[in-house]
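Engineer: For reference, this is protein_22.txt, and it has compact mmCIF, C-alpha atoms.
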# COMPACT_ATOMS: atom_id res chain seq x y z
CA MET F 930 -33.43 -9.10 35.59
CA VAL F 931 -34.47 -10.73 32.35
CA ILE F 932 -33.87 -14.34 31.42
CA LYS F 933 -32.59 -14.69 27.88
CA VAL F 934 -32.90 -17.97 26.00
CA PHE F 935 -30.87 -18.11 22.80
CA VAL F 936 -32.47 -20.42 20.25
CA ALA F 937 -32.23 -21.17 16.55
CA THR F 938 -35.76 -21.12 15.17
CA SER F 939 -34.70 -22.44 11.78
CA SER F 940 -32.35 -25.17 13.05
CA GLY F 941 -32.34 -28.32 10.99
CA SER F 942 -31.43 -30.46 14.03
CA THR F 943 -34.35 -32.28 15.62
CA ALA F 944 -32.42 -32.71 18.88
CA ILE F 945 -31.75 -28.97 19.15
CA LYS F 946 -35.39 -28.12 18.43
CA LYS F 947 -36.56 -30.56 21.09
CA LYS F 948 -34.22 -29.08 23.71
CA GLN F 949 -35.28 -25.54 22.86
CA GLN F 950 -38.96 -26.43 23.14
CA GLU F 951 -38.41 -28.11 26.51
CA VAL F 952 -36.68 -25.05 27.97
CA VAL F 953 -39.20 -22.56 26.59
CA GLY F 954 -42.18 -24.76 27.54
CA PHE F 955 -40.91 -25.12 31.14
CA LEU F 956 -40.41 -21.36 31.57
CA GLU F 957 -43.84 -20.64 30.17
CA ALA F 958 -45.51 -23.30 32.36
CA ASN F 959 -43.89 -21.85 35.49
CA LYS F 960 -44.68 -18.28 34.44
CA ILE F 961 -41.06 -17.23 34.43
CA ASP F 962 -40.50 -14.14 32.33
CA PHE F 963 -37.92 -14.60 29.58
CA GLN F 964 -36.89 -13.34 26.17
CA GLN F 965 -36.36 -15.68 23.27
CA MET F 966 -33.30 -14.60 21.30
CA ASP F 967 -33.11 -16.02 17.77
CA ILE F 968 -29.56 -16.55 16.52
CA ALA F 969 -30.65 -17.85 13.11
CA GLY F 970 -32.15 -14.60 11.86
CA ASP F 971 -30.06 -12.14 13.93
CA GLU F 972 -26.31 -12.07 13.48
CA ASP F 973 -25.84 -9.82 16.53
CA ASN F 974 -27.58 -12.35 18.79
CA ARG F 975 -25.44 -15.17 17.41
CA LYS F 976 -22.22 -13.20 17.90
CA TRP F 977 -23.16 -12.09 21.42
CA MET F 978 -24.05 -15.64 22.50
CA ARG F 979 -20.80 -17.14 21.16
CA GLU F 980 -18.70 -14.46 22.85
CA ASN F 981 -20.37 -14.76 26.25
CA VAL F 982 -20.54 -18.52 26.68
CA PRO F 983 -17.58 -19.50 28.95
CA GLY F 984 -14.74 -21.39 27.32
CA GLU F 985 -15.24 -24.55 29.39
CA LYS F 986 -18.83 -24.78 28.15
CA LYS F 987 -17.89 -24.53 24.49
CA PRO F 988 -17.47 -27.68 22.37
CA GLN F 989 -14.18 -28.57 20.75
CA ASN F 990 -14.95 -26.58 17.63
CA GLY F 991 -15.53 -23.49 19.81
CA ILE F 992 -19.10 -22.89 18.60
CA PRO F 993 -21.74 -23.34 21.34
CA LEU F 994 -25.10 -24.71 20.26
CA PRO F 995 -28.50 -23.47 21.39
CA PRO F 996 -30.28 -23.39 23.69
CA GLN F 997 -28.03 -21.20 25.88
CA ILE F 998 -29.52 -19.46 28.93
CA PHE F 999 -28.47 -16.11 30.42
CA ASN F 1000 -29.75 -13.85 33.18
CA GLU F 1001 -29.10 -10.48 31.57
CA GLU F 1002 -25.37 -10.80 30.81
CA ARG F 1003 -24.66 -13.49 33.41
CA TYR F 1004 -24.30 -16.97 31.99
CA CYS F 1005 -26.61 -19.57 33.59
CA GLY F 1006 -25.88 -22.66 31.52
CA ASP F 1007 -26.73 -24.86 28.56
CA PHE F 1008 -29.49 -27.43 28.22
CA GLU F 1009 -27.65 -30.08 30.25
CA SER F 1010 -27.17 -27.66 33.16
CA PHE F 1011 -30.80 -26.57 32.89
CA PHE F 1012 -32.01 -30.17 32.92
CA SER F 1013 -29.90 -31.04 35.99
CA ALA F 1014 -31.19 -27.98 37.89
CA LYS F 1015 -34.76 -28.93 37.03
CA GLU F 1016 -34.25 -32.51 38.26
CA GLU F 1017 -32.70 -31.26 41.53
CA ASN F 1018 -35.52 -28.72 41.97
CA ILE F 1019 -33.12 -25.76 42.06
CA ILE F 1020 -34.19 -24.12 38.81
CA TYR F 1021 -34.65 -20.67 40.38
CA SER F 1022 -31.18 -20.75 41.85
CA PHE F 1023 -29.89 -21.88 38.45
CA LEU F 1024 -31.55 -18.91 36.78
CA GLY F 1025 -30.41 -16.51 39.50
CA LEU F 1026 -33.99 -15.70 40.51
CA ALA F 1027 -35.66 -15.61 43.91
CA PRO F 1028 -38.12 -18.48 44.25
CA PRO F 1029 -41.76 -17.38 44.49
CA PRO F 1030 -43.51 -17.52 47.89
CA GLY F 1031 -44.44 -21.03 48.92
CA THR F 1032 -41.90 -22.65 46.65
CA LYS F 1033 -39.75 -25.21 48.42
CA GLU F 1034 -36.34 -24.96 46.84
CA PRO F 1035 -32.97 -25.21 48.59
CA GLU F 1036 -30.80 -22.24 47.85
CA LYS F 1037 -27.91 -23.05 45.60
CA SER F 1038 -25.48 -21.17 47.80
CA ASP F 1039 -26.40 -23.30 50.82
CA ALA F 1040 -25.94 -26.47 48.82
CA THR F 1041 -22.56 -25.20 47.64
CA GLU F 1042 -21.51 -24.38 51.21
CA GLU F 1043 -22.58 -27.82 52.43
CA LYS F 1044 -20.60 -29.40 49.63
CA SER F 1045 -17.62 -27.23 50.51
CA ASP F 1046 -17.87 -28.26 54.20
CA ALA F 1047 -18.05 -31.90 53.20
CA THR F 1048 -14.99 -31.43 50.99
CA GLU F 1049 -13.06 -29.76 53.82
CA LYS F 1050 -14.04 -32.57 56.20
CA SER F 1051 -12.91 -35.12 53.65
CA ASP F 1052 -9.59 -33.30 53.23
CA ALA F 1053 -9.09 -33.22 57.00
CA THR F 1054 -9.81 -36.94 57.18
CA GLU F 1055 -7.28 -37.61 54.44
CA GLU F 1056 -4.66 -35.49 56.21
CA LYS F 1057 -5.31 -37.38 59.48
CA SER F 1058 -5.02 -40.68 57.64
CA GLU F 1059 -1.73 -39.60 56.05
CA ALA F 1060 -0.40 -38.53 59.47
CA THR F 1061 -1.37 -41.92 60.90
CA GLU F 1062 0.39 -43.68 58.04
CA ASP F 1063 3.52 -41.58 58.57
CA LYS F 1064 3.48 -42.41 62.29
CA SER F 1065 3.05 -46.10 61.52
CA ASP F 1066 5.94 -45.99 59.05
CA SER F 1067 8.10 -44.34 61.70
CA LYS F 1068 7.26 -47.13 64.17
CA ASP F 1069 8.09 -49.76 61.57
CA GLU F 1070 11.44 -48.13 60.86
CA LYS F 1071 12.23 -47.98 64.58
CA SER F 1072 11.26 -51.64 64.97
CA ASP F 1073 13.49 -52.62 62.04
CA ALA F 1074 16.42 -50.72 63.57
CA THR F 1075 15.87 -52.52 66.89
CA ASN F 1076 15.77 -55.90 65.17
CA GLU F 1077 18.99 -55.13 63.33
CA THR F 1078 20.69 -54.16 66.59
CA GLU F 1079 19.56 -57.36 68.29
CA ALA F 1080 20.69 -59.45 65.33
CA HIS F 1081 24.08 -57.76 65.38
CA THR F 1082 24.44 -58.47 69.10
CA GLU F 1083 23.56 -62.14 68.60
CA ASP F 1084 26.09 -62.47 65.77
CA LYS F 1085 28.79 -60.94 67.93
CA GLY F 1086 27.92 -63.35 70.76
CA ASP F 1087 28.08 -66.33 68.38
CA GLU F 1088 31.54 -65.31 67.16
CA GLY F 1089 32.92 -65.32 70.74
CA ALA F 1090 31.39 -68.72 71.62
CA PRO F 1091 33.75 -71.00 69.61
CA GLU F 1092 36.79 -69.30 71.11
CA GLU F 1093 35.45 -69.89 74.60
CA ALA F 1094 34.62 -73.48 73.79
CA GLN F 1095 38.05 -74.04 72.25
CA SER F 1096 39.81 -72.47 75.21
CA GLY F 1097 37.73 -74.66 77.56
CA GLN F 1098 38.60 -77.86 75.70
CA THR F 1099 42.37 -77.30 75.31
CA PRO F 1100 44.32 -77.54 78.59
CA PRO F 1101 47.09 -75.06 79.31
CA GLU F 1102 50.53 -75.85 77.90
CA GLY F 1103 52.08 -76.07 81.38
CA GLN F 1104 49.55 -78.69 82.42
CA GLN F 1105 50.27 -80.79 79.31
CA GLU F 1106 54.02 -80.76 80.00
CA GLY F 1107 53.43 -81.74 83.63
CA GLU F 1108 51.30 -84.71 82.59
CA GLU F 1109 53.92 -85.88 80.09
CA GLU F 1110 56.72 -85.70 82.70
CA HIS F 1111 54.58 -87.60 85.21
CA ALA F 1112 53.97 -90.35 82.68
CA ALA F 1113 57.70 -90.66 81.90
CA THR F 1114 58.59 -90.89 85.61
CA GLY F 1115 56.03 -93.66 86.09
CA GLU F 1116 57.58 -95.67 83.25
CA GLU F 1117 61.12 -95.31 84.75
CA GLU F 1118 59.89 -96.50 88.17
CA GLU F 1119 58.26 -99.54 86.58
CA GLU F 1120 61.52 -100.37 84.77
CA LYS F 1121 63.56 -100.06 88.00
CA GLN F 1122 61.06 -102.23 89.84
CA GLY F 1123 61.30 -104.86 87.12
CA GLU F 1124 65.12 -104.86 87.29
CA GLY F 1125 65.01 -105.29 91.09
CA GLU F 1126 62.75 -108.30 90.79
CA GLU F 1127 65.04 -109.94 88.23
CA LYS F 1128 68.08 -109.32 90.48
CA GLU F 1129 66.35 -110.98 93.45
CA GLU F 1130 65.49 -114.04 91.36
CA VAL F 1131 69.13 -114.43 90.27
CA GLU F 1132 70.36 -114.24 93.86
CA GLU F 1133 67.85 -116.87 94.97
CA GLN F 1134 69.02 -119.25 92.24
CA GLU F 1135 72.67 -118.81 93.21
CA GLU F 1136 71.92 -119.55 96.85
CA SER F 1137 70.07 -122.66 95.96
What is this file in structure tokens?
Structural biologist:
Amino acid sequence: MVIKVFVATSSGSTAIKKKQQEVVGFLEANKIDFQQMDIAGDEDNRKWMRENVPGEKKPQNGIPLPPQIFNEERYCGDFESFFSAKEENIIYSFLGLAPPPGTKEPEKSDATEEKSDATEKSDATEEKSEATEDKSDSKDEKSDATNETEAHTEDKGDEGAPEEAQSGQTPPEGQQEGEEEHAATGEEEEEKQGEGEEKEEVEEQEES
């Protein structure tokens, strides 16, 4: 397994030269075997690099810039990916190499699995939260339906109340007629009594 670093030795960009030197210098300092592939003087190297860099890693113009790192024909990454792996101390996993004895480096696969487990746990939490929200919404709907039923019952009760009150205040027709007849009879008796008194007075005057 050979690490291939594609560089442009005659690049006019200072930024590109600096990135290339950082990658090469790091590999040399850590005694990692690699091959430096010049794309400036070798058209085959340039063509191979452009064809094998994944589409998502290519810029908008479709032409990837060096340095680009491969392990044989397997793509490892560009300078940004290399720099991140170096900062996280997973450079050997990034390059697809076994770390040398005594090197403390978490395996990339383990880190990926832990991340995957965390993602699954997060998804499960979200699903549980959504289920709780659905249950809460169902309770709210049920409560609203109950309130509507109670309100409807109260309205119906209020509609019947005036009729009951009205029926309680108005006496039956038969009772009204009876009261009127009683009043008329009382007036006739008073008139008769008055006539009797006048008749007695007249008789007393005649006798006297």
Engineer: Quick check, in Å to one decimal: how far apart do atom CA of Asp971 of chain F and atom CA of Glu957 of chain F lie?
Structural biologist: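 Computed distance, atom CA of Asp971 of chain F to atom CA of Glu957 of chain F, equals 22.9 Å.
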Engineer: Pick the closest to Phe1012 of chain F from F:Trp977, F:Phe999, F:Phe955, F:Phe963: which is it, counting all atoms listed in the file?
Structural biologist: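 Distance minimum relative to Phe1012 of chain F lands on F:Phe955.
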Engineer: Find the residues near Lys1015 of chain F: any atom within 12 Å, counting all atoms listed in the file, skip ones fewer than 5 places away on the same chain, and give them as number ranges by chain.
Structural biologist: F: 951-952, 955-956, 959, 1008-1010, 1020-1024, 1034
Engineer: Taking only C-alpha atoms into account, name the residue in F:Val931, F:Ile961, F:Leu994, F:Met978 that is nearest to Lys946 of chain F.
Structural biologist: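 Comparing F:Val931, F:Ile961, F:Leu994, F:Met978 against Lys946 of chain F, the winner is F:Leu994.
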Engineer: Excluding Arg975 of chain F and its own-chain neighbours fewer than 4 positions away, which residues fall within 12 Å of it when counting only C-alpha atoms? Please give them as an mmCIF file with C-alpha atoms, keeping the file's coordinate frame.
Structural biologist:
data_model
loop_
_atom_site.group_PDB
_atom_site.id
_atom_site.type_symbol
_atom_site.label_atom_id
_atom_site.label_comp_id
_atom_site.auth_asym_id
_atom_site.auth_seq_id
_atom_site.Cartn_x
_atom_site.Cartn_y
_atom_site.Cartn_z
ATOM 1 C CA VAL F 934 -32.900 -17.970 26.000
ATOM 2 C CA PHE F 935 -30.870 -18.110 22.800
ATOM 3 C CA VAL F 936 -32.470 -20.420 20.250
ATOM 4 C CA ALA F 937 -32.230 -21.170 16.550
ATOM 5 C CA MET F 966 -33.300 -14.600 21.300
ATOM 6 C CA ASP F 967 -33.110 -16.020 17.770
ATOM 7 C CA ILE F 968 -29.560 -16.550 16.520
ATOM 8 C CA ALA F 969 -30.650 -17.850 13.110
ATOM 9 C CA GLY F 970 -32.150 -14.600 11.860
ATOM 10 C CA ASP F 971 -30.060 -12.140 13.930
ATOM 11 C CA ARG F 979 -20.800 -17.140 21.160
ATOM 12 C CA GLU F 980 -18.700 -14.460 22.850
ATOM 13 C CA ASN F 981 -20.370 -14.760 26.250
ATOM 14 C CA VAL F 982 -20.540 -18.520 26.680
ATOM 15 C CA ILE F 992 -19.100 -22.890 18.600
ATOM 16 C CA PRO F 993 -21.740 -23.340 21.340
ATOM 17 C CA LEU F 994 -25.100 -24.710 20.260
ATOM 18 C CA PRO F 995 -28.500 -23.470 21.390
ATOM 19 C CA PRO F 996 -30.280 -23.390 23.690
ATOM 20 C CA GLN F 997 -28.030 -21.200 25.880
#
Engineer: Show me as a list in words the residues that reach within 10 Å of (-17.7, -15.8, 32.8), counting only C-alpha atoms and using the file's own coordinates.
Structural biologist: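 Using only C-alpha atoms, the matching residues come out as Asn981, Val982, Pro983, Gly984, Glu985, Glu1002, Arg1003, Tyr1004 and Cys1005 of chain F.
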Engineer: May I ask for the distance between atom CA of Gln949 of chain F and atom CA of Gln964 of chain F, given in Å to one decimal place?
Structural biologist: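 So the answer is 12.7 Å.
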Engineer: Between atom CA of Glu1001 of chain F and atom CA of Glu972 of chain F, what is the spacing in Å?
Structural biologist: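 These atoms are spaced 18.4 Å apart.
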